[in-house]
Structures are given as structure tokens and as C-alpha cells.
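A.B. asks: Just dropping this structure here.
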Amino acid sequence: MKIGIGIPEQLIGFDPVVLRDYAVAAEELGFDFLTCVDHVLGTEHARRDPPFAPGGIYTEESKFHEPLTLFAFLAGVTTRIELTSSVLVLPQRQTALVAKQAAEVALLSNYRLRLGVGSGWNYIEYESLGTDYRTRGRRLEEQVNVLRRLWSDPLLDFTGEFHRIDRASINPRLERPVPIWFGGFSQVQQDRCARIGDGMLWGRNSSLSRAGNEFIRRRAAEVGRDPDSIGFQAGVHPREGETYEQALAAWEAAGGTHATVSLVGAHAATGSTGRSLVDQLPRLREAVGNAIVTET
């Protein structure tokens, strides 16, 4: 199982040296991937009709890096670690532009990009970006098809519900597509992953994610796909009295192929920011222990 860490966007800041050192340290310590959350805009929650759904925790005070821009930067300062959006709110973006940006990052990083995508929850963000919140699920599914076609077809002539591409292409194209993983928790998203996704991104290891793994594998077999070709990633945190190695082993036993670990609780308690986050990475690596297999 691959073990990665998130970029703590609310804490780390925007100093490029700190961001570089965080990614380089993660790579040198043996972590397999970095994740980055996405929001283009933060919004005030008060007096919204309809109110934001529970779990929409980010406000106008929240800080976010733009994932593909950040990954282009990190591609130039790392050599091995995978770069994973967790998740890019794809339906509020222009598909052809994302195809071009993702292809560029994939090429600059030697195919170290994994594109986690989701439909999001912030309808104000959709409105501000000029896209339709109500059709985001259908649009997301069509976008995945269009992205893969743009990455591979020498000339694309496509007409869908949301896209018209009249004999056009991006160049350069890719020798292999960027893996597309779906983030979310609804059964609609799980079904989408089973049919057309390369993997599923869960917030954490829970009864919902474990049951979801089983549903996705069953559904994939029903539509003629190899269930073993689909990956499963979740945030893994030890319970009281449990070690990181035990928590990670439990997720792997539930079908997990990727796990994200963090010391966010410790960071929040100590008020850690910037450079101190880099300095704490060896402690996290020690806590994870033998769950990370260092290549020789």
C-alpha cells in the first residue's frame, strides 16, 4: 500500500521555499504521494439560501493553493513523489483547459500526476465561475470522457450534452492518460467510479468507506471491469491505543491501496505553521514506521 501526506494548506502558507522544502522532505522520507485540496473561491456562509450543506467547512478566510499550478512548481523540485489533487472541483472548470493543464503537469513531472476529481458543494463558487451547479454530476461524467479523448486523440470531433469540440486537439498529447480518481461519498459517485474511474478517494477510513470499497468492486465486476484495477485511498488516523502501523494495516485489509497520514491534530494543538511543519515530518515518518517500504 502506498502512503502519502497532505499539504496542510490552512497552515503552511505561501512561501515557495517552505513549500519546496515540505515536498522535498516528504519525498526524501519515503512518502509516496502528496495531496492538495482545491477551492478557487472561499465564501461567507451566513445568510445563504439554501444554506450550505454540513461539511462545507471552508469560508472566505480559508487559504487554498491552486493544485495544478502548485504541482507544476513541485514537479520541478522533486523527482519521485506523486502529485494528487484531492480533489479538483472539475465541473466548475473548462474541460479542455484542464486537459491542457493536466497534460502539462504530467509531462513536466514525468507522469507523476494523479487527478482526483469531484463535484463540490459550494454553489456560489459555481455561479462565480459561470458554471451550472445543478448539472454538475452529469457534466463531471462527460468531462472524464472528454479529458481522456483530448489526452489521446490526434484530432477530436465530439458532441455531448455539455461539450462541442469541432476537430481540435491539444498538443503535445500524452503517451498514457492521467489516472482519474473520484472523490466523494454518495452512491452515485461510487457507481461512477466503478464504471469509469481509476480509483476512489475517501475522506477517512470509516464504515462508509469500507462498505463503499465493497460496493465499487461488486459494481465494477457487474459492468465487466476488473475490480483489482481500481484503487482506494482514505485518510488513516490511529484510534486511541492504536499505532499508525495497525491503523494502516486495517485499511489495507479493507481493500485500501493508498493511505494519507498526517499530524494535523498535533499541528492544530501547537499552532504549527510554515517551517515548523517541515520540521515535524520526520516525526510523522517515525510514527508510520515500517508501513512505508523504502526502495533500495
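Residue numbering restarts at 1 in every chain; chains get A, B, ... in the order shown in the C-alpha cells, and ligands count up from 1 in that same order.
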DSSP says helix (DSSP H, G or I) for which residues of region 2-215 of chain A? Put them as a PyMOL selection string?
C.D. replies: chain A and resi 9-12+16-28+67-75+90-92+95-108+123-128+136-152+187-196+207-215
A.B. asks: Can those selected residues be exported to a file as a compact mmCIF listing (two decimals), in the first residue's frame so that it contains C-alpha atoms?
C.D. replies:
```
# COMPACT_ATOMS: atom_id res chain seq x y z
CA GLU A 9 -2.97 24.36 3.11
CA GLN A 10 -4.63 26.16 6.01
CA LEU A 11 -1.33 26.18 7.91
CA ILE A 12 1.65 26.05 5.57
CA PRO A 16 7.79 28.96 -2.07
CA VAL A 17 10.87 27.89 -0.13
CA VAL A 18 8.75 26.29 2.59
CA LEU A 19 6.54 24.58 0.00
CA ARG A 20 9.60 23.28 -1.81
CA ASP A 21 11.20 22.02 1.39
CA TYR A 22 7.98 20.33 2.52
CA ALA A 23 7.68 18.40 -0.76
CA VAL A 24 11.38 17.53 -0.91
CA ALA A 25 11.39 16.35 2.72
CA ALA A 26 8.30 14.21 2.12
CA GLU A 27 9.99 12.62 -0.85
CA GLU A 28 13.27 12.02 0.97
CA PRO A 67 -3.49 22.45 -7.32
CA LEU A 68 -2.27 22.27 -10.91
CA THR A 69 -0.22 25.45 -10.56
CA LEU A 70 1.32 24.20 -7.32
CA PHE A 71 2.03 20.79 -8.85
CA ALA A 72 3.79 22.39 -11.82
CA PHE A 73 6.09 24.09 -9.31
CA LEU A 74 6.62 20.95 -7.21
CA ALA A 75 7.30 18.89 -10.33
CA LEU A 90 -13.88 19.61 -12.12
CA PRO A 91 -17.40 20.62 -13.26
CA GLN A 92 -16.80 24.29 -12.46
CA THR A 95 -12.66 20.75 -19.61
CA ALA A 96 -10.29 21.47 -22.48
CA LEU A 97 -8.29 23.86 -20.31
CA VAL A 98 -7.98 21.26 -17.54
CA ALA A 99 -6.89 18.70 -20.15
CA LYS A 100 -4.13 21.04 -21.31
CA GLN A 101 -3.02 21.99 -17.78
CA ALA A 102 -3.04 18.40 -16.53
CA ALA A 103 -1.14 17.18 -19.59
CA GLU A 104 1.50 19.84 -18.99
CA VAL A 105 1.94 18.85 -15.34
CA ALA A 106 2.03 15.16 -16.29
CA LEU A 107 4.79 15.79 -18.83
CA LEU A 108 6.80 18.12 -16.58
CA TYR A 123 -22.94 26.66 -5.39
CA ILE A 124 -21.65 30.23 -5.00
CA GLU A 125 -18.30 29.13 -6.34
CA TYR A 126 -20.01 27.59 -9.39
CA GLU A 127 -22.05 30.74 -10.00
CA SER A 128 -18.96 32.94 -9.71
CA ARG A 136 -22.53 19.16 -12.07
CA GLY A 137 -22.85 15.37 -11.75
CA ARG A 138 -23.74 14.75 -15.40
CA ARG A 139 -21.15 17.24 -16.51
CA LEU A 140 -18.46 15.56 -14.42
CA GLU A 141 -19.08 12.21 -16.06
CA GLU A 142 -18.91 13.64 -19.57
CA GLN A 143 -15.78 15.58 -18.66
CA VAL A 144 -13.89 12.40 -17.78
CA ASN A 145 -14.58 11.03 -21.25
CA VAL A 146 -13.57 14.31 -22.90
CA LEU A 147 -10.35 14.57 -20.88
CA ARG A 148 -9.23 11.09 -21.88
CA ARG A 149 -10.08 11.73 -25.52
CA LEU A 150 -8.17 15.02 -25.55
CA TRP A 151 -5.12 13.35 -23.99
CA SER A 152 -5.06 10.66 -26.68
CA GLN A 187 -23.56 6.08 -4.05
CA VAL A 188 -23.89 7.91 -7.37
CA GLN A 189 -20.22 8.83 -7.14
CA GLN A 190 -19.32 5.29 -6.10
CA ASP A 191 -21.17 3.93 -9.12
CA ARG A 192 -19.39 6.43 -11.35
CA CYS A 193 -16.05 5.27 -10.01
CA ALA A 194 -16.95 1.62 -10.57
CA ARG A 195 -17.88 2.29 -14.20
CA ILE A 196 -15.24 4.78 -15.37
CA SER A 207 -17.63 2.07 7.93
CA LEU A 208 -18.92 4.11 4.95
CA SER A 209 -15.65 3.90 3.02
CA ARG A 210 -15.16 0.22 3.78
CA ALA A 211 -18.69 -0.58 2.57
CA GLY A 212 -18.08 1.67 -0.41
CA ASN A 213 -14.98 -0.30 -1.39
CA GLU A 214 -17.07 -3.46 -1.48
CA PHE A 215 -19.87 -1.79 -3.46
```
A.B. asks: Write out as a ChimeraX atom specification the residues lying within 8 Å of Glu82 (chain A), counting only C-alpha atoms and excluding same-chain residues fewer than 6 positions away.
C.D. replies: /A:32-34,112-114
A.B. asks: Neighbours of region 223-240 of chain A within 8 Å (only C-alpha atoms; same-chain residues fewer than 5 positions away dropped), as an MDAnalysis selection string?
C.D. replies: chainID A and resid 194:195 197:205 209 213 216:218 246:248 251 255:262
A.B. asks: Using only C-alpha atoms, which residue out of A:Pro154, A:Gly130, A:Gly116, A:Gly56 lies closest to Pro179 (chain A)?
C.D. replies: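 Closest to Pro179 (chain A), using only C-alpha atoms: A:Gly116.
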A.B. asks: Would you compute the distance between CA of Phe52 (chain A) and CA of Gln94 (chain A)? Give it in Å to one decimal.
C.D. replies: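 Answer for the CA of Phe52 (chain A) to CA of Gln94 (chain A) separation: 24.0 Å.
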A.B. asks: Give me, as a PyMOL selection string, the residues of region 33-84 of chain A that a backbone DSSP run labels strand (DSSP E or B).
C.D. replies: chain A and resi 33-36+82-84
A.B. asks: Interatomic distance between CA of Leu41 (chain A) and CA of Asp15 (chain A)?
C.D. replies: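 Answer for the CA of Leu41 (chain A) to CA of Asp15 (chain A) separation: 20.1 Å.
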A.B. asks: In Å, rounded to a single decimal, give me how far CA of Asn122 (chain A) is from CA of Ala46 (chain A).
C.D. replies: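 We find that CA of Ala46 (chain A) and CA of Asn122 (chain A) lie 13.2 Å from each other.
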A.B. asks: I'd like the neighbourhood of Pro8 (chain A) as an MDAnalysis selection string, where a residue qualifies if any of its atoms comes within 9 Å (using only C-alpha atoms), though same-chain residues fewer than 6 positions away should be ignored.
C.D. replies: chainID A and resid 36:37 262 264 273 277
A.B. asks: Produce a file of the selected residues containing C-alpha atoms, as an mmCIF file, in the first residue's frame.
C.D. replies:
```cif
data_model
loop_
_atom_site.group_PDB
_atom_site.id
_atom_site.type_symbol
_atom_site.label_atom_id
_atom_site.label_comp_id
_atom_site.auth_asym_id
_atom_site.auth_seq_id
_atom_site.Cartn_x
_atom_site.Cartn_y
_atom_site.Cartn_z
ATOM 1 C CA CYS A 36 -3.700 19.101 -2.337
ATOM 2 C CA VAL A 37 -7.274 20.294 -1.706
ATOM 3 C CA SER A 262 -0.957 13.430 8.908
ATOM 4 C CA VAL A 264 -2.909 17.677 11.703
ATOM 5 C CA THR A 273 2.812 26.836 10.546
ATOM 6 C CA LEU A 277 5.510 21.798 9.553
#
```
A.B. asks: Measuring between only C-alpha atoms, which one of A:Ile5, A:Arg283, A:Glu175, A:Gly120 shows the shortest distance to Leu83 (chain A)?
C.D. replies: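 Closest to Leu83 (chain A), using only C-alpha atoms: A:Ile5.
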A.B. asks: From the list A:Ser85, A:Asp132, A:Ser169, A:Ala220, which residue is nearest Phe182 (chain A) when using only C-alpha atoms?
C.D. replies: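 Closest to Phe182 (chain A), using only C-alpha atoms: A:Ser85.
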